[in-house]
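Raw protein27.tsv, TSV, C-alpha atoms and all ligand atoms:
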```
chain	number	residue	atom	x	y	z
B	1	SER	CA	57.22	-30.06	-46.45
B	2	ARG	CA	57.93	-33.46	-44.91
B	3	TYR	CA	55.89	-36.43	-46.08
B	4	PHE	CA	55.77	-40.22	-45.96
B	5	THR	CA	55.95	-42.64	-48.87
B	6	ILE	CA	55.97	-46.41	-49.16
B	7	THR	CA	58.75	-48.09	-51.09
B	8	ASP	CA	56.93	-51.32	-51.99
B	9	TYR	CA	53.53	-53.03	-51.84
B	10	PRO	CA	53.80	-55.29	-48.79
B	11	GLN	CA	52.65	-58.90	-48.46
B	12	GLY	CA	51.23	-59.74	-45.06
B	13	THR	CA	51.70	-57.39	-42.13
B	14	PRO	CA	53.57	-54.24	-43.21
B	15	GLN	CA	56.88	-53.56	-41.48
B	16	ARG	CA	57.93	-50.16	-40.15
B	17	GLU	CA	60.82	-50.03	-42.69
B	18	LEU	CA	58.30	-49.85	-45.51
B	19	PHE	CA	57.64	-46.20	-44.68
B	20	GLU	CA	60.11	-43.47	-45.66
B	21	LEU	CA	60.09	-39.87	-44.50
B	22	HIS	CA	61.09	-37.32	-47.14
B	23	SER	CA	61.58	-33.61	-47.20
B	24	THR	CA	60.96	-31.25	-50.10
B	25	GLU	CA	60.80	-27.53	-50.82
B	26	LEU	CA	57.29	-26.62	-51.98
B	27	PRO	CA	56.97	-24.55	-55.19
B	28	PRO	CA	55.55	-21.00	-54.87
B	29	LEU	CA	51.78	-20.95	-54.41
B	30	GLN	CA	49.82	-20.65	-57.68
B	31	ASP	CA	46.48	-18.90	-58.19
B	32	GLY	CA	43.69	-21.10	-56.83
B	33	GLU	CA	46.02	-22.90	-54.39
B	34	VAL	CA	46.11	-22.98	-50.61
B	35	ARG	CA	48.94	-23.91	-48.23
B	36	ILE	CA	47.95	-25.67	-45.03
B	37	ARG	CA	49.82	-26.54	-41.85
B	38	ASN	CA	48.36	-29.87	-40.82
B	39	THR	CA	47.56	-30.17	-37.12
B	40	TRP	CA	46.01	-33.66	-36.97
B	41	LEU	CA	46.41	-36.68	-39.26
B	42	SER	CA	44.08	-39.64	-39.45
B	43	VAL	CA	45.31	-43.20	-39.90
B	44	ASP	CA	42.65	-45.70	-40.95
B	45	PRO	CA	42.45	-49.44	-41.65
B	46	TYR	CA	41.33	-48.87	-45.28
B	47	MET	CA	44.81	-47.47	-46.01
B	48	ARG	CA	46.12	-51.05	-45.86
B	49	GLY	CA	44.02	-51.79	-48.96
B	50	ARG	CA	45.67	-48.89	-50.77
B	51	MET	CA	49.05	-50.46	-49.99
B	52	SER	CA	48.24	-53.65	-51.88
B	53	GLY	CA	49.02	-52.26	-55.31
B	54	VAL	CA	45.60	-53.21	-56.64
B	55	LYS	CA	42.66	-50.98	-57.53
B	56	THR	CA	39.62	-51.76	-55.40
B	57	TYR	CA	36.94	-49.12	-54.93
B	58	ILE	CA	39.87	-46.70	-54.74
B	59	ASP	CA	43.26	-46.46	-56.46
B	60	PRO	CA	46.33	-47.91	-54.75
B	61	PHE	CA	48.92	-45.53	-53.28
B	62	GLU	CA	51.69	-44.74	-55.75
B	63	LEU	CA	55.09	-46.00	-54.66
B	64	ASN	CA	57.53	-43.26	-53.60
B	65	GLU	CA	54.82	-40.59	-53.83
B	66	PRO	CA	53.31	-38.85	-50.77
B	67	LEU	CA	50.75	-41.05	-49.04
B	68	GLU	CA	47.25	-39.68	-48.60
B	69	GLY	CA	44.68	-39.65	-45.86
B	70	ALA	CA	42.31	-37.39	-44.01
B	71	ALA	CA	43.84	-34.45	-42.15
B	72	VAL	CA	42.79	-31.21	-40.52
B	73	GLY	CA	44.91	-28.11	-40.44
B	74	GLU	CA	45.13	-24.37	-40.61
B	75	VAL	CA	45.52	-22.27	-43.73
B	76	ILE	CA	48.88	-20.47	-43.66
B	77	GLU	CA	48.74	-18.94	-47.14
B	78	SER	CA	45.96	-18.68	-49.70
B	79	ARG	CA	45.63	-17.61	-53.31
B	80	ASP	CA	41.97	-18.50	-53.50
B	81	ALA	CA	39.10	-16.24	-52.43
B	82	ARG	CA	37.35	-19.08	-50.59
B	83	PHE	CA	40.07	-19.45	-47.94
B	84	LYS	CA	42.08	-17.05	-45.82
B	85	GLN	CA	44.96	-17.41	-43.41
B	86	GLY	CA	43.85	-18.96	-40.13
B	87	ASP	CA	40.90	-20.91	-41.57
B	88	LYS	CA	40.48	-24.43	-40.18
B	89	VAL	CA	40.09	-26.97	-42.97
B	90	ARG	CA	39.89	-30.68	-43.76
B	91	HIS	CA	41.35	-32.44	-46.81
B	92	MET	CA	42.94	-35.72	-47.94
B	93	ALA	CA	46.63	-34.70	-48.03
B	94	GLY	CA	47.59	-36.37	-44.77
B	95	TRP	CA	50.85	-38.23	-43.95
B	96	ARG	CA	52.67	-34.85	-44.20
B	97	ASP	CA	53.12	-31.66	-42.23
B	98	ILE	CA	52.50	-28.99	-44.89
B	99	ALA	CA	49.99	-29.54	-47.69
B	100	GLN	CA	49.70	-27.41	-50.79
B	101	LEU	CA	46.46	-28.06	-52.66
B	102	LYS	CA	43.93	-26.70	-55.11
B	103	ALA	CA	41.18	-25.00	-53.14
B	104	ASP	CA	38.54	-27.22	-54.82
B	105	ILE	CA	39.63	-30.25	-52.80
B	106	ILE	CA	39.70	-28.52	-49.43
B	107	GLU	CA	36.66	-28.08	-47.20
B	108	PRO	CA	36.13	-25.69	-44.30
B	109	LEU	CA	35.45	-27.44	-40.99
B	110	PRO	CA	31.74	-27.56	-40.12
B	111	GLU	CA	30.70	-25.05	-37.48
B	112	ILE	CA	29.91	-27.33	-34.58
B	113	GLU	CA	31.75	-26.50	-31.35
B	114	VAL	CA	33.97	-29.55	-30.95
B	115	PRO	CA	37.76	-29.96	-30.90
B	116	GLU	CA	38.98	-29.88	-34.50
B	117	GLU	CA	40.25	-33.47	-34.44
B	118	ALA	CA	36.68	-34.68	-33.86
B	119	TYR	CA	36.19	-34.03	-37.59
B	120	LEU	CA	38.53	-36.95	-38.28
B	121	GLY	CA	36.69	-39.26	-35.90
B	122	VAL	CA	33.29	-39.08	-34.27
B	123	LEU	CA	32.06	-36.29	-36.58
B	124	GLY	CA	34.21	-37.31	-39.53
B	125	MET	CA	34.40	-40.30	-41.85
B	126	PRO	CA	34.39	-43.00	-39.11
B	127	GLY	CA	31.39	-41.50	-37.33
B	128	MET	CA	29.54	-41.06	-40.59
B	129	THR	CA	30.31	-44.72	-41.36
B	130	ALA	CA	28.86	-45.93	-38.05
B	131	TRP	CA	25.68	-43.89	-38.51
B	132	SER	CA	25.23	-44.92	-42.17
B	133	GLY	CA	25.88	-48.60	-41.54
B	134	LEU	CA	23.21	-48.73	-38.86
B	135	ASN	CA	20.61	-46.47	-40.43
B	136	LEU	CA	21.02	-46.77	-44.20
B	137	ILE	CA	22.35	-50.33	-44.54
B	138	ALA	CA	21.12	-52.34	-41.53
B	139	LYS	CA	18.00	-50.15	-41.28
B	140	ILE	CA	18.00	-50.40	-37.50
B	141	ARG	CA	14.60	-50.29	-35.77
B	142	GLU	CA	13.57	-49.41	-32.22
B	143	GLY	CA	14.35	-52.23	-29.82
B	144	ASP	CA	16.68	-54.13	-32.16
B	145	ASN	CA	19.33	-56.23	-30.48
B	146	VAL	CA	22.63	-55.23	-32.07
B	147	LEU	CA	26.05	-56.86	-32.19
B	148	VAL	CA	29.12	-54.81	-33.18
B	149	SER	CA	32.66	-56.13	-33.79
B	150	ALA	CA	35.77	-53.97	-33.19
B	151	ALA	CA	33.32	-52.25	-30.86
B	152	SER	CA	35.75	-49.93	-29.10
B	153	GLY	CA	37.33	-48.52	-32.28
B	154	ALA	CA	36.53	-45.31	-34.13
B	155	VAL	CA	33.55	-46.71	-36.03
B	156	GLY	CA	32.49	-49.35	-33.50
B	157	SER	CA	32.43	-47.03	-30.49
B	158	LEU	CA	29.89	-44.74	-32.13
B	159	ALA	CA	27.93	-47.67	-33.59
B	160	VAL	CA	27.37	-49.21	-30.15
B	161	GLN	CA	26.22	-45.89	-28.67
B	162	LEU	CA	23.83	-45.06	-31.51
B	163	ALA	CA	22.47	-48.62	-31.35
B	164	LYS	CA	22.03	-48.40	-27.58
B	165	ALA	CA	19.92	-45.27	-27.99
B	166	ARG	CA	17.40	-47.39	-29.94
B	167	GLY	CA	16.64	-49.39	-26.83
B	168	GLY	CA	17.65	-52.98	-27.57
B	169	THR	CA	20.45	-55.07	-26.11
B	170	VAL	CA	23.82	-54.05	-27.54
B	171	VAL	CA	26.81	-56.35	-27.40
B	172	GLY	CA	30.32	-55.29	-28.45
B	173	ILE	CA	33.21	-57.57	-29.36
B	174	ALA	CA	36.69	-56.22	-28.56
B	175	GLY	CA	40.18	-57.36	-27.64
B	176	ALA	CA	41.98	-55.82	-24.68
B	177	PRO	CA	40.56	-55.84	-21.10
B	178	GLU	CA	40.56	-52.01	-20.86
B	179	LYS	CA	38.44	-51.85	-24.00
B	180	LEU	CA	35.96	-54.32	-22.54
B	181	ALA	CA	35.87	-52.26	-19.34
B	182	TRP	CA	35.20	-49.07	-21.31
B	183	LEU	CA	32.33	-50.73	-23.19
B	184	GLU	CA	30.79	-51.94	-19.93
B	185	SER	CA	31.18	-48.43	-18.46
B	186	ILE	CA	28.87	-47.04	-21.14
B	187	GLY	CA	26.29	-49.79	-20.72
B	188	ILE	CA	27.36	-52.14	-23.50
B	189	THR	CA	27.74	-55.86	-22.82
B	190	ALA	CA	31.34	-56.61	-23.82
B	191	VAL	CA	32.67	-59.91	-25.12
B	192	SER	CA	36.33	-60.62	-25.85
B	193	TYR	CA	37.38	-62.57	-28.93
B	194	ARG	CA	40.96	-63.07	-27.74
B	195	ASP	CA	42.24	-66.66	-27.53
B	196	LYS	CA	38.91	-68.06	-28.66
B	197	ASP	CA	37.72	-70.10	-31.59
B	198	ALA	CA	34.43	-69.38	-33.36
B	199	GLN	CA	32.61	-71.97	-31.26
B	200	GLN	CA	33.67	-70.46	-27.96
B	201	LEU	CA	32.93	-66.92	-29.14
B	202	SER	CA	29.56	-68.07	-30.40
B	203	ALA	CA	28.72	-69.55	-26.97
B	204	ASP	CA	29.78	-66.31	-25.25
B	205	LEU	CA	27.59	-64.23	-27.57
B	206	LYS	CA	24.67	-66.54	-26.84
B	207	GLU	CA	25.16	-65.99	-23.14
B	208	ALA	CA	25.40	-62.22	-23.63
B	209	CYS	CA	22.17	-62.05	-25.63
B	210	PRO	CA	20.14	-65.29	-25.52
B	211	ALA	CA	17.35	-63.84	-27.67
B	212	GLY	CA	19.78	-63.32	-30.57
B	213	PHE	CA	20.58	-60.26	-32.66
B	214	ASP	CA	18.52	-58.37	-35.24
B	215	VAL	CA	21.55	-56.48	-36.56
B	216	TYR	CA	25.22	-57.38	-36.87
B	217	TYR	CA	27.54	-54.44	-37.56
B	218	GLU	CA	30.59	-56.17	-39.04
B	219	ASN	CA	34.04	-54.58	-38.80
B	220	VAL	CA	36.22	-57.67	-38.48
B	221	GLY	CA	35.22	-60.89	-40.31
B	222	GLY	CA	36.99	-64.16	-39.41
B	223	ILE	CA	35.71	-65.87	-36.28
B	224	CYS	CA	33.57	-62.84	-35.39
B	225	LEU	CA	31.44	-63.36	-38.49
B	226	GLU	CA	31.14	-67.09	-37.95
B	227	ALA	CA	30.16	-66.65	-34.30
B	228	ALA	CA	27.72	-63.87	-35.18
B	229	LEU	CA	25.95	-65.97	-37.83
B	230	ASN	CA	25.05	-68.54	-35.16
B	231	ASN	CA	23.42	-65.83	-33.06
B	232	LEU	CA	21.29	-63.93	-35.57
B	233	ARG	CA	17.51	-63.99	-35.54
B	234	VAL	CA	15.23	-64.68	-38.48
B	235	GLY	CA	15.25	-61.61	-40.76
B	236	ALA	CA	18.47	-60.18	-39.30
B	237	ARG	CA	20.58	-57.69	-41.26
B	238	ILE	CA	24.37	-57.67	-41.47
B	239	ALA	CA	26.04	-54.39	-42.45
B	240	VAL	CA	29.48	-55.36	-43.76
B	241	CYS	CA	31.54	-52.30	-42.98
B	242	GLY	CA	35.00	-53.85	-42.70
B	243	LEU	CA	36.89	-57.13	-42.52
B	244	ILE	CA	40.04	-56.07	-40.73
B	245	ALA	CA	40.98	-59.61	-39.68
B	246	ASP	CA	41.73	-60.24	-43.36
B	247	TYR	CA	43.54	-57.04	-44.35
B	248	ASN	CA	47.04	-58.40	-43.71
B	249	ALA	CA	46.24	-61.94	-44.86
B	250	GLU	CA	48.53	-63.33	-47.56
B	251	LYS	CA	45.79	-65.57	-48.95
B	252	PRO	CA	42.07	-64.79	-49.25
B	253	SER	CA	40.19	-66.24	-46.30
B	254	THR	CA	37.55	-68.91	-46.73
B	255	ALA	CA	33.86	-68.34	-46.03
B	256	PRO	CA	32.57	-69.32	-42.59
B	257	GLY	CA	31.40	-72.93	-42.46
B	258	ASN	CA	27.94	-71.89	-41.26
B	259	LEU	CA	27.00	-69.69	-44.23
B	260	ALA	CA	23.79	-71.74	-44.40
B	261	MET	CA	22.52	-69.56	-41.54
B	262	ILE	CA	21.99	-66.79	-44.09
B	263	LEU	CA	19.50	-69.03	-45.83
B	264	ILE	CA	17.93	-70.66	-42.80
B	265	ARG	CA	17.42	-67.39	-40.93
B	266	ARG	CA	16.61	-65.30	-44.07
B	267	ILE	CA	19.44	-62.88	-43.32
B	268	ARG	CA	20.28	-59.88	-45.50
B	269	MET	CA	24.03	-59.19	-45.70
B	270	GLN	CA	25.13	-55.98	-47.41
B	271	GLY	CA	28.50	-54.37	-47.86
B	272	PHE	CA	28.89	-50.62	-48.21
B	273	ILE	CA	31.55	-48.00	-48.91
B	274	ILE	CA	30.96	-44.74	-47.14
B	275	PHE	CA	31.90	-42.50	-50.08
B	276	ASP	CA	28.71	-43.65	-51.85
B	277	HIS	CA	26.64	-42.16	-49.04
B	278	TRP	CA	28.48	-38.89	-48.53
B	279	THR	CA	25.48	-36.78	-49.62
B	280	GLU	CA	23.96	-37.80	-46.26
B	281	TYR	CA	26.82	-36.16	-44.31
B	282	PRO	CA	24.85	-32.98	-43.42
B	283	HIS	CA	21.99	-35.16	-42.17
B	284	PHE	CA	24.45	-37.15	-40.02
B	285	LEU	CA	25.98	-33.94	-38.59
B	286	GLU	CA	22.54	-32.59	-37.79
B	287	GLU	CA	21.67	-35.71	-35.84
B	288	VAL	CA	24.96	-36.69	-34.18
B	289	GLY	CA	26.59	-33.23	-33.80
B	290	PRO	CA	24.27	-32.14	-30.95
B	291	LEU	CA	24.72	-35.47	-29.15
B	292	VAL	CA	28.48	-34.88	-29.19
B	293	THR	CA	28.33	-31.24	-28.04
B	294	LYS	CA	25.89	-32.15	-25.24
B	295	GLY	CA	28.32	-34.82	-24.04
B	296	GLU	CA	25.88	-37.65	-24.74
B	297	ILE	CA	28.42	-39.51	-26.86
B	298	ASP	CA	31.63	-40.70	-25.24
B	299	TYR	CA	34.29	-40.54	-27.94
B	300	GLU	CA	37.76	-41.79	-27.09
B	301	GLN	CA	40.97	-41.01	-28.95
B	302	THR	CA	44.41	-42.56	-29.00
B	303	VAL	CA	47.03	-40.00	-29.99
B	304	GLU	CA	50.58	-40.43	-31.28
B	305	GLU	CA	52.76	-37.33	-31.19
B	306	GLY	CA	54.63	-36.00	-34.21
B	307	LEU	CA	54.73	-36.72	-37.94
B	308	GLU	CA	57.50	-39.31	-37.48
B	309	ARG	CA	55.07	-41.52	-35.54
B	310	THR	CA	52.45	-41.69	-38.32
B	311	PRO	CA	53.47	-45.17	-39.59
B	312	ASP	CA	53.59	-46.46	-36.00
B	313	ALA	CA	50.08	-45.14	-35.37
B	314	PHE	CA	48.88	-46.83	-38.56
B	315	LEU	CA	50.49	-50.19	-37.72
B	316	LYS	CA	49.02	-50.13	-34.22
B	317	LEU	CA	45.51	-50.35	-35.70
B	318	PHE	CA	46.26	-53.96	-36.60
B	319	GLU	CA	47.53	-54.73	-33.09
B	320	GLY	CA	44.39	-53.29	-31.54
B	321	ALA	CA	46.48	-50.72	-29.65
B	322	ASN	CA	43.92	-47.94	-30.12
B	323	LYS	CA	40.86	-47.16	-28.06
B	324	GLY	CA	38.54	-44.98	-30.11
B	325	LYS	CA	39.97	-43.01	-33.01
B	326	MET	CA	43.69	-43.37	-33.76
B	327	LEU	CA	45.21	-39.95	-34.53
B	328	VAL	CA	48.55	-38.25	-34.99
B	329	ARG	CA	49.01	-34.77	-33.51
B	330	LEU	CA	51.50	-32.47	-35.21
B	331	GLN	CA	53.17	-29.60	-33.36
A	401	LIG	P1	39.36	-49.08	-35.37
A	401	LIG	O1	39.48	-47.82	-34.61
A	401	LIG	O2	38.24	-50.01	-35.04
A	401	LIG	O3	40.75	-49.82	-35.27
A	401	LIG	C1	40.90	-51.13	-35.70
A	401	LIG	C2	40.52	-52.13	-34.58
A	401	LIG	O4	40.25	-53.36	-35.17
A	401	LIG	C3	41.64	-52.41	-33.61
A	401	LIG	O5	41.71	-51.47	-32.57
A	401	LIG	C4	41.31	-53.80	-33.11
A	401	LIG	O6	40.49	-53.72	-31.96
A	401	LIG	C5	40.50	-54.41	-34.25
A	401	LIG	N1	41.28	-55.46	-34.92
A	401	LIG	C6	42.44	-55.31	-35.59
A	401	LIG	N2	42.86	-56.49	-36.08
A	401	LIG	C7	41.93	-57.40	-35.69
A	401	LIG	C8	41.79	-58.80	-35.89
A	401	LIG	N3	42.70	-59.50	-36.58
A	401	LIG	N4	40.70	-59.42	-35.36
A	401	LIG	C9	39.79	-58.71	-34.64
A	401	LIG	N5	39.86	-57.38	-34.43
A	401	LIG	C10	40.93	-56.74	-34.95
A	401	LIG	O7	39.27	-48.73	-36.92
A	401	LIG	P2	38.06	-47.99	-37.64
A	401	LIG	O8	36.98	-47.74	-36.66
A	401	LIG	O9	38.61	-46.86	-38.40
A	401	LIG	O10	37.57	-49.09	-38.68
A	401	LIG	C11	36.82	-50.21	-38.24
A	401	LIG	C12	36.41	-51.05	-39.45
A	401	LIG	O11	35.56	-50.27	-40.28
A	401	LIG	C13	37.59	-51.48	-40.32
A	401	LIG	O12	37.35	-52.79	-40.78
A	401	LIG	C14	37.55	-50.50	-41.45
A	401	LIG	O13	38.14	-50.99	-42.62
A	401	LIG	C15	36.06	-50.30	-41.60
A	401	LIG	N6	35.66	-49.06	-42.26
A	401	LIG	C16	34.89	-49.16	-43.37
A	401	LIG	C17	34.43	-48.07	-44.03
A	401	LIG	C18	33.54	-48.25	-45.20
A	401	LIG	O14	33.31	-47.29	-45.94
A	401	LIG	N7	33.01	-49.42	-45.42
A	401	LIG	C19	34.80	-46.72	-43.59
A	401	LIG	C20	35.59	-46.70	-42.37
A	401	LIG	C21	36.01	-47.84	-41.75
A	401	LIG	P3	40.42	-54.93	-30.88
A	401	LIG	O15	41.26	-54.57	-29.74
A	401	LIG	O16	39.00	-55.00	-30.53
A	401	LIG	O17	40.97	-56.15	-31.53
```

So, in terms of structure tokens, how does the structure I just supplied come out?
Ligand code: NDP
Amino acid sequence: SRYFTITDYPQGTPQRELFELHSTELPPLQDGEVRIRNTWLSVDPYMRGRMSGVKTYIDPFELNEPLEGAAVGEVIESRDARFKQGDKVRHMAGWRDIAQLKADIIEPLPEIEVPEEAYLGVLGMPGMTAWSGLNLIAKIREGDNVLVSAASGAVGSLAVQLAKARGGTVVGIAGAPEKLAWLESIGITAVSYRDKDAQQLSADLKEACPAGFDVYYENVGGICLEAALNNLRVGARIAVCGLIADYNAEKPSTAPGNLAMILIRRIRMQGFIIFDHWTEYPHFLEEVGPLVTKGEIDYEQTVEEGLERTPDAFLKLFEGANKGKMLVRLQ
């Protein structure tokens, strides 16, 4: 098995040299264990938090031990009655080519006819996050005007489409011109945050949706949050899903200067961690699965080829180099 480790807990933006590729001979399979050849690996922004050496809602990665993350693969050997050779499965032993795990922590892929990697993106954790943030946290209602930051990413791209289906104006904030063009192509008003301060972004959001927003789906923080606060309506809800603008920061960021808007406009702002809502996953699949198989959801993917490229794929998330879900395909 070949796997990646990190050699240190980085300050600021992680460098490529932080990641080391190792090779090891796996021990013989024990009763109750399964050996899997991973076919797709997920890289996700939350992994940066696990590289900080501090326990948050999840333990930090251990230095010089195999990194973890969502993966799908095929069973190549099984000593557990629940799995047989050839089964397609999902588990958390990513960042490696071959995983050997107790069967208890492996799940069969759901039986919806989609490419297997969709279970790492639109029908996996990011998709579930988009759906939960809108429905369970922001409690979206018909006709709500919705603003989404990092709107062309794995979570954001589903959030804008689910929001759009509720009939209000949906505005997405993104970086690169091709991302803005993609958002416009699916009927979302796109606003760039690049080379802008909060005041400029705020003015552009006002122009995009003069009536203001009922829901802000927050993936970024920083100037996006400050600009959004100026454009929320009375009684608006903010679902704080992520704050990626801060993940590589060396010092904690300060609160936006216009926090008073929360008071003045009676805004509810709520953070959430998707693991707490995982019991709703079947409900999510039931609702979003058919939309995906019928082609009613446009889900994009950015794919890096080969295990060696996994750290590069991860680091690209912070450069905004991905459209849709960032994935690594293994041979
Ligand atoms: P994305 O696919 O959205 O990839 C990250 C994107 O973030 C980039 O493509 C980039 O897009 C944008 N970005 C990166 N750095 C910055 C920056 N400094 N300022 C503004 N935008 C930036 O990732 P995911 O969809 O997987 O995750 C999106 C967010 O959701 C993250 O914050 C993540 O932590 C969070 N999340 C939270 C979960 C939870 O349980 N609460 C679960 C899953 C994800 P652009 O080109 O637009 O800049």

I'd like the contact shell of region 149-151 of chain B - 6 Å cut-off, all atoms listed in the file, skipping same-chain residues fewer than 4 positions apart - returned as a list in words. Gly156, Ser157, Gly172, Ile173, Ala174, Glu218 and Asn219 of chain B

Test item: residues lying within 8 Å of ligand LIG 401 (chain A) with only C-alpha atoms and all ligand atoms, as a ChimeraX atom specification: /B:43-46,125-126,129,149-157,173-176,179,192-194,218-222,224,240-246,271-275,316-326

Computed gap from CA of Ile267 (chain B) to CA of Pro210 (chain B) is 18.0 Å

Please provide the set of residues having any atom within 8 Å of Gly168 (chain B), restricted to all atoms listed in the file, with same-chain residues fewer than 5 positions apart removed, written as a list in words.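 Surrounding residues, per the criterion: Glu142, Gly143, Asp144, Asn145, Val146 and Ala163 of chain B.
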
Have a look at CA of Gly94 (chain B) and CA of Gln15 (chain B) and let me know their distance in Å, one decimal.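 According to the coordinates, CA of Gly94 (chain B) and CA of Gln15 (chain B) are separated by 19.8 Å.
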
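Closest approach to Ile264 (chain B) among B:Asn248, B:Tyr3, B:Asn230, B:Val292: B:Asn230, based on all atoms listed in the file.
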
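Near Thr13 (chain B), within 10 Å and counting all atoms listed in the file, sit Arg48, Tyr247, Asn248, Ala249, Glu250, Leu315 and Phe318 of chain B, not including residues fewer than 5 positions from it in the same chain.
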
Nearest residue to Phe83 (chain B) from the set B:Glu107, B:Asp8, B:Asp195, B:Glu17 (distances using all atoms listed in the file):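 Selected residue with least distance to Phe83 (chain B): B:Glu107.
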
May I ask for the distance between CA of Ala313 (chain B) and CA of Leu183 (chain B), given in Å to one decimal place? 22.2 Å

Close residues, Gln85 (chain B) itself excluded, 8 Å, only C-alpha atoms, min 2 positions apart in chain, as a PyMOL selection string: chain B and resi 74-78+83+87

Calculated over all atoms listed in the file, which of the candidates B:Ser52, B:Gln161, B:Thr39, B:Asn258 has the smallest distance to Glu296 (chain B)?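 Among B:Ser52, B:Gln161, B:Thr39, B:Asn258, it is B:Gln161 that comes nearest to Glu296 (chain B).
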
Nearest to Ile137 (chain B): which of B:Arg237, B:Arg329, B:Lys164, B:Arg265 is it, counting only C-alpha atoms?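 Looking only at the distances to Ile137 (chain B), the closest residue turns out to be B:Arg237.
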
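Every protein or nucleic acid residue with an atom no more than 8 Å from Leu21 (chain B), counting all atoms listed in the file and leaving out same-chain residues fewer than 5 positions away, appears here: Arg2, Tyr3, Phe4, Thr5 and Glu308 of chain B.
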
Find the residue from B:Thr279, B:Val191, B:Lys102, B:Arg233 that sits nearest to Asp31 (chain B); use all atoms listed in the file when measuring. B:Lys102

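The list of residues within 10 Å of (29.9, -65.7, -37.8), counted using only C-alpha atoms, is Ala198, Gln199, Leu201, Ser202, Tyr216, Glu218, Gly221, Gly222, Ile223, Cys224, Leu225, Glu226, Ala227, Ala228, Leu229, Asn230, Asn231, Leu232, Ala255, Pro256, Gly257, Asn258, Leu259 and Met261 of chain B.
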
Those residues with C-alpha atoms, as a compact mmCIF listing (two decimals), in the coordinates of the input please?
```txt
# COMPACT_ATOMS: atom_id res chain seq x y z
CA ALA B 198 34.43 -69.38 -33.36
CA GLN B 199 32.61 -71.97 -31.26
CA LEU B 201 32.93 -66.92 -29.14
CA SER B 202 29.56 -68.07 -30.40
CA TYR B 216 25.22 -57.38 -36.87
CA GLU B 218 30.59 -56.17 -39.04
CA GLY B 221 35.22 -60.89 -40.31
CA GLY B 222 36.99 -64.16 -39.41
CA ILE B 223 35.71 -65.87 -36.28
CA CYS B 224 33.57 -62.84 -35.39
CA LEU B 225 31.44 -63.36 -38.49
CA GLU B 226 31.14 -67.09 -37.95
CA ALA B 227 30.16 -66.65 -34.30
CA ALA B 228 27.72 -63.87 -35.18
CA LEU B 229 25.95 -65.97 -37.83
CA ASN B 230 25.05 -68.54 -35.16
CA ASN B 231 23.42 -65.83 -33.06
CA LEU B 232 21.29 -63.93 -35.57
CA ALA B 255 33.86 -68.34 -46.03
CA PRO B 256 32.57 -69.32 -42.59
CA GLY B 257 31.40 -72.93 -42.46
CA ASN B 258 27.94 -71.89 -41.26
CA LEU B 259 27.00 -69.69 -44.23
CA MET B 261 22.52 -69.56 -41.54
```

Centre, edges in Å (one decimal): axis-aligned box, region 62-79 of chain B, 8 Å padding on all six sides, as AutoDock Vina command-line options:
```
--center_x 49.9 --center_y -31.8 --center_z -48.1 --size_x 31.2 --size_y 44.4 --size_z 31.3
```

Neighbourhood query: residues within 12 Å of (48.9, -26.6, -53.6), file coordinates, counting only C-alpha atoms; return as a PyMOL selection string. chain B and resi 1+26-37+75-80+91+93+98-106

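Residue nearest Val54 (chain B) within the list B:Tyr9, B:Glu300, B:Glu287, B:Glu68: B:Tyr9 [criterion: smallest interatomic distance, only C-alpha atoms].
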